[in-house]
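Participant: Sharing a structure here in structure tokens format.
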Amino acid sequence: MVKKIIIALIFFFLLLSPPLLAQTFEEVQQQIAELSAKLTELNRQKNTLSNQIKIFDTKIAQIELQIKQTGNNIEVIKKEIADLSLKINGLDISLNDLSGKYIEQINQNYKLQKRIPFFAILGSANLNDFFKNYKYVTSLQQKSQDTLVDMETTRTNLDLQKQEKSKKQAELEALEKKLASQQKSLSSQKASKDKLLQDTKNDEAVYQRRLQEAQAQLASFRRFADSVGGSTCLASSPGGGSDGNFYSQRDPRWCNQYIGNSSDTIGAVGCYISSVTMVHKKAGNDSLTPSVYAHDPNRFFGNTAYMLNPLVPAGYSYRVSTYDTDTIDKELSAGRYVVAQMRMSNIAGMHFVVIISGSNGNYQIHDPWFGPDQNFSSRYSPATVMSLRLFTK
């Protein structure tokens, strides 16, 4: 009776929750594909503020559809898990019933064999009694065997249903992580759009001026990298240097990672990112690696790798200064790094390094390209310093 009730409940819930229509899934897929085609077309058009806003809006619409699709998939998986839970409960009850029935049959068989042993059947007074007793004992044994087979079948089915449920739960966890990632991406795109409008004051002229600045700086970074062998990644991570705070833009962990929404990599133009993250590590922030910094598009201008203002460690302030040994010595004596912007006039290139120790013009540097603990004067001179970037307290 209980088994019938469980089966009825399973069919009841199945009727209440119809599956997601394939047509709906296909429609969402089609809309996502159309938005992808639109993005491709927008990326071919002239780089204007208006076009960049359209790109953000299209990406936002695309991610919202992906979130909807993932949400639908989650609901389907949850329903399947609920159905499997009902089936498992029903099979558990059936297995318990069959186990009880089998034990009862074994007891009856045992009692019968005690009361009517096999030799007693052979010694029956007449043939009718013999066949009657034999048939009864055989029937009881057959029922026990049938019940045992039913138990094994039910147990096998129960194990299969549990395995399927475990598989669905793993799928659900993966989908929930995917949904969280999509929601984070949506928030990031919206924030990037708002930041672009804020940085440009929604003014095309301001946007074009900022864009030219970005293109000029990034081009100079690329020229420097090209002049010293191109943006080749190191074979292995170089380590943290003498003080443990060094980061290389060529570290294979992030060398080929794109910066923000741009098509530039850390290896090619990430000297400033690497320098700023070294300042943070010196200040006690070990979690901000070049990879983490580059992953957030809101730290860069539009769809470029151009950093308008660096992220400043908590409790610090930021300012730009001209080259001055007294200023550098004061910062170093206070236990703070100094970031130096370098000009390579022979190639019209630009590079950033971090001054970590020394005094009176004799300095040691962490160079994001060449490595930790370099002698400043071996590669550069005061005349090549464009500016100092100071992170002070």
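Scheme for the structure tokens: letters A, B, ... for chains in order shown; per-chain residue numbers from 1; ligand numbers from 1 in order shown.
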Among the residues of region 297-346 of chain A, find those DSSP assigns to helix (DSSP H, G or I) from the backbone and print them as a PyMOL selection string.
Facilitator: chain A and resi 297-299+325-333
Participant: If we count only C-alpha atoms, what is near region 56-64 of chain A at a cut-off of 7 Å, once residues fewer than 3 positions away on the same chain are taken out, given as a list in words?
Facilitator: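 Within the cut-off, the hits are Ile32, Leu35, Leu39, Gln52, Ile53, Ile67, Lys68, Gln182, Leu186, Gln189 and Lys193 of chain A.
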Participant: Mind dumping the selected residues with C-alpha atoms as an mmCIF file, in the first residue's frame?
Facilitator:
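New file out07.cif:
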```cif
data_model
loop_
_atom_site.group_PDB
_atom_site.id
_atom_site.type_symbol
_atom_site.label_atom_id
_atom_site.label_comp_id
_atom_site.auth_asym_id
_atom_site.auth_seq_id
_atom_site.Cartn_x
_atom_site.Cartn_y
_atom_site.Cartn_z
ATOM 1 C CA ILE A 32 22.648 35.067 -27.856
ATOM 2 C CA LEU A 35 24.029 39.503 -30.065
ATOM 3 C CA LEU A 39 29.232 42.597 -31.176
ATOM 4 C CA GLN A 52 31.613 51.771 -26.955
ATOM 5 C CA ILE A 53 28.346 52.304 -25.088
ATOM 6 C CA ILE A 67 21.938 34.186 -16.897
ATOM 7 C CA LYS A 68 18.354 33.413 -17.880
ATOM 8 C CA GLN A 182 27.837 35.335 -15.014
ATOM 9 C CA LEU A 186 27.162 41.382 -15.588
ATOM 10 C CA GLN A 189 30.093 45.248 -17.472
ATOM 11 C CA LYS A 193 29.925 51.312 -18.690
#
```
Participant: Considering only C-alpha atoms, can you say which of A:Arg209, A:Lys177, A:Lys195, A:Arg250 comes closest to Pro368 (chain A)?
Facilitator: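 Answer, going by the shortest atom-to-atom distance: A:Arg250.
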Participant: Which of these, A:Asn73, A:Thr325, A:Asn285, A:Asn245, has the shortest distance to Val312 (chain A) once you count only C-alpha atoms?
Facilitator: A:Asn285
Participant: Out of A:Ser166, A:Thr232, A:Asn43, A:Gln30, which residue has the shortest atom-to-atom distance to Phe370 (chain A) when counting only C-alpha atoms?
Facilitator: A:Thr232
Participant: Nearest to Asn346 (chain A): which of A:Leu91, A:Gln198, A:Thr327, A:Ser220 is it, counting only C-alpha atoms?
Facilitator: A:Ser220
Participant: If we count only C-alpha atoms, what is near Leu49 (chain A) at a cut-off of 8 Å, once residues fewer than 4 positions away on the same chain are taken out, given as a list of chain:residue names?
Facilitator: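 Result of the neighbour search: A:Ile53, A:Asn202, A:Asp203, A:Glu204, A:Tyr207, A:Gln208.
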Participant: Could you take the residues named above and write them with N, CA and C atoms, as a short mmCIF file (atom, residue, chain, number, x, y, z; two decimals), in the first residue's frame?
Facilitator:
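Final output, out00.cif:
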```cif
data_model
loop_
_atom_site.label_atom_id
_atom_site.label_comp_id
_atom_site.auth_asym_id
_atom_site.auth_seq_id
_atom_site.Cartn_x
_atom_site.Cartn_y
_atom_site.Cartn_z
N ILE A 53 29.55 52.48 -25.91
CA ILE A 53 28.35 52.30 -25.09
C ILE A 53 27.45 51.23 -25.69
N ASN A 202 30.54 61.70 -20.49
CA ASN A 202 29.65 61.43 -21.63
C ASN A 202 29.90 62.41 -22.78
N ASP A 203 31.17 62.73 -22.96
CA ASP A 203 31.57 63.70 -23.98
C ASP A 203 32.50 63.02 -24.98
N GLU A 204 32.13 63.06 -26.25
CA GLU A 204 32.90 62.39 -27.29
C GLU A 204 34.32 62.96 -27.40
N TYR A 207 36.41 61.61 -24.67
CA TYR A 207 36.70 60.20 -24.96
C TYR A 207 37.84 60.07 -25.96
N GLN A 208 37.79 60.84 -27.04
CA GLN A 208 38.82 60.76 -28.07
C GLN A 208 40.18 61.19 -27.53
#
```
Participant: Would you mind telling me which residue in A:Gln29, A:Asn51, A:Ser333, A:Asn303 lies nearest to Ile259 (chain A) when using only C-alpha atoms?
Facilitator: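 Ranked by minimum distance to Ile259 (chain A), first place goes to A:Asn303.
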Participant: Would you pick out the contacts of Gly260 (chain A) at 6 Å or less, using only C-alpha atoms, so that residues sharing its chain but fewer than 2 positions from it are not included, and give the list as a list in words?
Facilitator: Ser262, Ala294, His295, Asp296 and Pro297 of chain A
